[in-house]
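Enquirer: After the structure tokens below, expect a handful of questions from me.
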Amino acid sequence: QRVACAALAQLLCAAPIGPAAASPASARASVEAVMDTLDKYYYEPREGSEWASVRERLGREAAARPERAGALKREAVRALRGDKYTRLLNSKEYQSLSRYDILGIGLILSSGPDGLARVISPPLPGSSAEGRINVDDVIESIDGVSTLGLSSSEILGIVSTSAETETRVCVRDASCLDLRRSTPFIPDPVSRVEERDGVAYVKIREFNAKLAPELGRLVADFEGRGISRLVLDLRGNPGGAFQSAVDAAAHFLPPDAPVVTVLGRADRETIRTAAAAAPTRLAALELWLDDHTASAAEVFAAA
């Protein structure tokens, strides 16, 4: 099975789909950036000579007809030969990812190898972070609080109680920025909650920025009222944000517990729960899955 490792976000950063490039040189550079990004991040290595030939051909075509740059980028993805997991998004499609923006400033964050928050995809179009913060920037602090060791839901807690309309973000090796907050509409990830005979039932529709905090609130409420068993219904759940799955799993796993291992072409990274995680004391947890339980929902269930 072919897996694209971080290629989608990197593709969007290197060569967003949009209006035709302004010049032959920039059109060629944008198409070649897609090819280079796929070659760097795609899990399976490319055939060197063939890949270089395709890169050269598409680059020449883009220079000759800059208005076709967008179509040529899509052709670059098709050069992966049958891959069904990697695709390019236009600006409108990428904007829909705002439901995974936990801070409302256009950044999608994940804990980096040094424990500090890291920007894992390009700032969302139209956000206050666009053009000011880049992919792989390390966010050392938010509103004066260090991000070291914090999960996404804990980072959300830094700003969720603030009445301020701006958030101060300090980037490693750069200055601190005051970014305007604009919280998009994010659907409730929990569509149904029921209780019967000491058993709680929760239907989770997707993994978005709201899930981990909402799940934590529900679990605390269940524990406080003596409910000892919980059923999480993930049937039909298509997944969502990878980090949301990691943060949600922390409610049921010990601190610093492995959640998932991400395999790259030459390395691997084990994603763990936060060191300060406080798992539930519920006596039993049952998960309901079906053939449509996918992506982040599978990561959560496996953990």
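As shown in the structure tokens, the chain order sets the letters A, B, ...; within each chain, residues go from 1, and ligands are also counted from 1 in the order they appear.
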Excluding same-chain residues fewer than 2 positions from region 29-31 of chain A, what lies within 6 Å of it counting only C-alpha atoms, as a list in words?

Expert: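 Within the cut-off, the hits are Ala15, Ser26, Ala27, Ala33, Val34 and Lys73 of chain A.
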
Enquirer: Those same residues - C-alpha atoms - I'd like them written as a CSV table (one decimal), in the first residue's frame.

Expert:
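That gives us part.csv:
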```csv
chain,number,residue,atom,x,y,z
A,15,ALA,CA,3.1,25.1,-5.1
A,26,SER,CA,7.8,31.0,-12.1
A,27,ALA,CA,5.5,28.5,-13.8
A,33,ALA,CA,8.6,22.3,-6.7
A,34,VAL,CA,5.7,19.8,-6.7
A,73,LYS,CA,1.0,19.9,-11.2
```

Enquirer: Applying 6 Å and only C-alpha atoms, which residues near region 295-303 of chain A remain after dropping the ones on its own chain fewer than 5 positions away? List them as an MDAnalysis selection string.

Expert: chainID A and resid 239:240 242 245 249 259

Enquirer: Running DSSP on the backbone, which parts of region 60-270 of chain A land in alpha helix (DSSP H), as an NGL selection string?

Expert: :A and (60-64 or 69-78 or 91-95 or 152-160 or 211-224 or 242-249)

Enquirer: May I ask which of the residues A:Arg60, A:Arg181, A:Arg235, A:Arg196 is the closest one to Arg28 (chain A), counting only C-alpha atoms?

Expert: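 For Arg28 (chain A), the nearest of the given residues is A:Arg60.
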
Enquirer: I want to know what sits within 10 Å of Gly226 (chain A), based on only C-alpha atoms, with residues of the same chain fewer than 4 positions away left out; could you give that as a PyMOL selection string?

Expert: chain A and resi 198-199+221-222+282

Enquirer: Can those selected residues be exported to a file as a short mmCIF file (atom, residue, chain, number, x, y, z; two decimals), in the first residue's frame so that it contains N, CA, C and O atoms?

Expert:
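Writing the result to part-v8.cif gives the following:
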```cif
data_model
loop_
_atom_site.label_atom_id
_atom_site.label_comp_id
_atom_site.auth_asym_id
_atom_site.auth_seq_id
_atom_site.Cartn_x
_atom_site.Cartn_y
_atom_site.Cartn_z
N GLY A 198 -25.72 2.63 33.95
CA GLY A 198 -24.31 2.80 34.27
C GLY A 198 -23.38 2.75 33.08
O GLY A 198 -22.16 2.72 33.24
N VAL A 199 -23.94 2.75 31.87
CA VAL A 199 -23.15 2.72 30.65
C VAL A 199 -23.43 3.99 29.84
O VAL A 199 -24.59 4.36 29.64
N ASP A 221 -17.37 14.25 33.36
CA ASP A 221 -18.76 14.26 33.83
C ASP A 221 -19.24 12.84 34.15
O ASP A 221 -19.88 12.61 35.18
N PHE A 222 -18.91 11.88 33.29
CA PHE A 222 -19.30 10.50 33.53
C PHE A 222 -18.68 9.99 34.83
O PHE A 222 -19.35 9.37 35.67
N LEU A 282 -12.35 5.26 34.14
CA LEU A 282 -13.46 4.39 33.78
C LEU A 282 -13.01 2.94 33.77
O LEU A 282 -11.89 2.62 33.37
#
```

Enquirer: Would you mind telling me which residue in A:Ser141, A:Ser191, A:Ser111, A:Ser127 lies nearest to Val171 (chain A) when using only C-alpha atoms?

Expert: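 The shortest atom-to-atom distance to Val171 (chain A) comes from A:Ser141.
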
Enquirer: Under the rule that only C-alpha atoms are counted, which of A:Pro213, A:Pro189, A:Gly149, A:Pro255 is the nearest residue to Asp233 (chain A)?

Expert: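 Smallest distance to Asp233 (chain A) is found for A:Pro189.
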
Enquirer: Pick out the residues sitting within 6 Å of Ala200 (chain A), and hand them over as a PyMOL selection string; count only C-alpha atoms, and ignore anything fewer than 4 positions along from it in its own chain.

Expert: chain A and resi 194-195+230

Enquirer: For Gly126 (chain A), which residue among A:Arg268, A:Lys40, A:Arg229, A:Lys92 is the nearest when counting only C-alpha atoms?

Expert: A:Lys92

Enquirer: List the spatial neighbours of Thr273 (chain A) as an NGL selection string - criterion: any atom at most 9 Å away, only C-alpha atoms, same-chain residues fewer than 3 positions off excluded.

Expert: :A and (151 or 246-247 or 249-250 or 253-259 or 276-277)

Enquirer: Export N, CA and C atoms of the chosen residues as an mmCIF file, in the first residue's frame?

Expert:
```
data_model
loop_
_atom_site.group_PDB
_atom_site.id
_atom_site.type_symbol
_atom_site.label_atom_id
_atom_site.label_comp_id
_atom_site.auth_asym_id
_atom_site.auth_seq_id
_atom_site.Cartn_x
_atom_site.Cartn_y
_atom_site.Cartn_z
ATOM 1 N N SER A 151 0.004 19.228 24.539
ATOM 2 C CA SER A 151 -0.790 18.653 23.462
ATOM 3 C C SER A 151 -1.584 19.768 22.799
ATOM 4 N N VAL A 246 -4.519 11.731 18.420
ATOM 5 C CA VAL A 246 -3.493 11.570 19.454
ATOM 6 C C VAL A 246 -3.972 12.170 20.775
ATOM 7 N N ASP A 247 -4.535 13.382 20.717
ATOM 8 C CA ASP A 247 -4.995 14.052 21.940
ATOM 9 C C ASP A 247 -6.183 13.327 22.556
ATOM 10 N N ALA A 249 -6.826 10.117 22.310
ATOM 11 C CA ALA A 249 -6.332 8.862 22.881
ATOM 12 C C ALA A 249 -5.723 9.073 24.260
ATOM 13 N N ALA A 250 -5.194 10.278 24.507
ATOM 14 C CA ALA A 250 -4.549 10.560 25.794
ATOM 15 C C ALA A 250 -5.528 10.482 26.961
ATOM 16 N N LEU A 253 -5.074 6.594 27.788
ATOM 17 C CA LEU A 253 -3.759 5.967 27.857
ATOM 18 C C LEU A 253 -2.915 6.632 28.937
ATOM 19 N N PRO A 254 -1.907 5.937 29.460
ATOM 20 C CA PRO A 254 -1.020 6.536 30.469
ATOM 21 C C PRO A 254 -0.205 7.683 29.876
ATOM 22 N N PRO A 255 0.377 8.526 30.721
ATOM 23 C CA PRO A 255 1.268 9.588 30.227
ATOM 24 C C PRO A 255 2.446 9.003 29.451
ATOM 25 N N ASP A 256 2.867 9.691 28.392
ATOM 26 C CA ASP A 256 4.017 9.314 27.579
ATOM 27 C C ASP A 256 3.860 7.916 26.967
ATOM 28 N N ALA A 257 2.623 7.514 26.701
ATOM 29 C CA ALA A 257 2.377 6.202 26.103
ATOM 30 C C ALA A 257 2.435 6.313 24.579
ATOM 31 N N PRO A 258 2.944 5.292 23.888
ATOM 32 C CA PRO A 258 2.971 5.335 22.421
ATOM 33 C C PRO A 258 1.553 5.273 21.849
ATOM 34 N N VAL A 259 1.274 6.117 20.875
ATOM 35 C CA VAL A 259 -0.030 6.122 20.217
ATOM 36 C C VAL A 259 0.085 5.511 18.821
ATOM 37 N N ALA A 276 2.136 14.867 30.770
ATOM 38 C CA ALA A 276 1.244 15.246 31.870
ATOM 39 C C ALA A 276 -0.178 14.743 31.661
ATOM 40 N N ALA A 277 -0.371 13.785 30.749
ATOM 41 C CA ALA A 277 -1.712 13.280 30.456
ATOM 42 C C ALA A 277 -2.342 12.670 31.705
#
```

Enquirer: Which residue out of A:Glu154, A:Glu67, A:Glu50, A:Val219 has the minimum interatomic distance to Tyr201 (chain A) when only C-alpha atoms are used?

Expert: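 Under the stated criterion, the closest residue is A:Val219.
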
Enquirer: Nearest to Leu211 (chain A) among A:Ser244, A:Ser175, A:Thr165, A:Ser128, with distances taken over only C-alpha atoms: which residue is it?

Expert: A:Ser244

Enquirer: Name all residues at most 12 Å from Cys176 (chain A) (count only C-alpha atoms; drop same-chain ones fewer than 3 positions away) and give them as a list of chain:residue names.

Expert: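 Near neighbours after the sequence-gap exclusion: A:Ala129, A:Arg132, A:Ile133, A:Val138, A:Ile139, A:Glu140, A:Ser141, A:Ile142, A:Asp143, A:Gly144, A:Thr167, A:Arg168, A:Val169, A:Cys170, A:Val171, A:Arg172, A:Asp173, A:Leu179.
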
Enquirer: In Å, with one decimal, what is the gap from CA of Thr37 (chain A) to CA of Trp51 (chain A)?

Expert: 12.2 Å

Enquirer: Val231 (chain A): which residues within 6 Å, counting only C-alpha atoms, same-chain residues fewer than 6 positions away excluded, as number ranges by chain?

Expert: A: 201, 285-287

Enquirer: Produce a file of the selected residues containing all heavy atoms, as a compact mmCIF listing (two decimals), in the first residue's frame.

Expert:
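The resulting file, result.txt, is shown below:
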```txt
# COMPACT_ATOMS: atom_id res chain seq x y z
N TYR A 201 -22.93 6.11 26.21
CA TYR A 201 -22.72 5.89 24.78
C TYR A 201 -22.45 7.24 24.13
O TYR A 201 -23.20 8.20 24.34
CB TYR A 201 -23.95 5.24 24.17
CG TYR A 201 -24.00 5.29 22.64
CD1 TYR A 201 -23.47 4.25 21.88
CD2 TYR A 201 -24.57 6.37 21.98
CE1 TYR A 201 -23.51 4.29 20.48
CE2 TYR A 201 -24.62 6.42 20.59
CZ TYR A 201 -24.09 5.39 19.84
OH TYR A 201 -24.13 5.44 18.48
N LEU A 285 -13.88 0.39 28.48
CA LEU A 285 -14.07 1.17 27.27
C LEU A 285 -14.30 0.21 26.11
O LEU A 285 -13.55 -0.74 25.93
CB LEU A 285 -12.85 2.04 26.97
CG LEU A 285 -12.84 2.78 25.64
CD1 LEU A 285 -13.93 3.84 25.59
CD2 LEU A 285 -11.46 3.41 25.38
N GLU A 286 -15.35 0.46 25.33
CA GLU A 286 -15.67 -0.38 24.18
C GLU A 286 -15.78 0.51 22.94
O GLU A 286 -16.40 1.57 22.98
CB GLU A 286 -16.99 -1.10 24.42
CG GLU A 286 -17.37 -2.08 23.34
CD GLU A 286 -18.60 -2.90 23.72
OE1 GLU A 286 -18.72 -3.27 24.90
OE2 GLU A 286 -19.44 -3.15 22.84
N LEU A 287 -15.15 0.08 21.85
CA LEU A 287 -15.18 0.83 20.60
C LEU A 287 -15.99 0.06 19.56
O LEU A 287 -15.82 -1.14 19.40
CB LEU A 287 -13.76 1.05 20.07
CG LEU A 287 -12.75 1.73 21.01
CD1 LEU A 287 -11.40 1.85 20.32
CD2 LEU A 287 -13.26 3.09 21.42
```
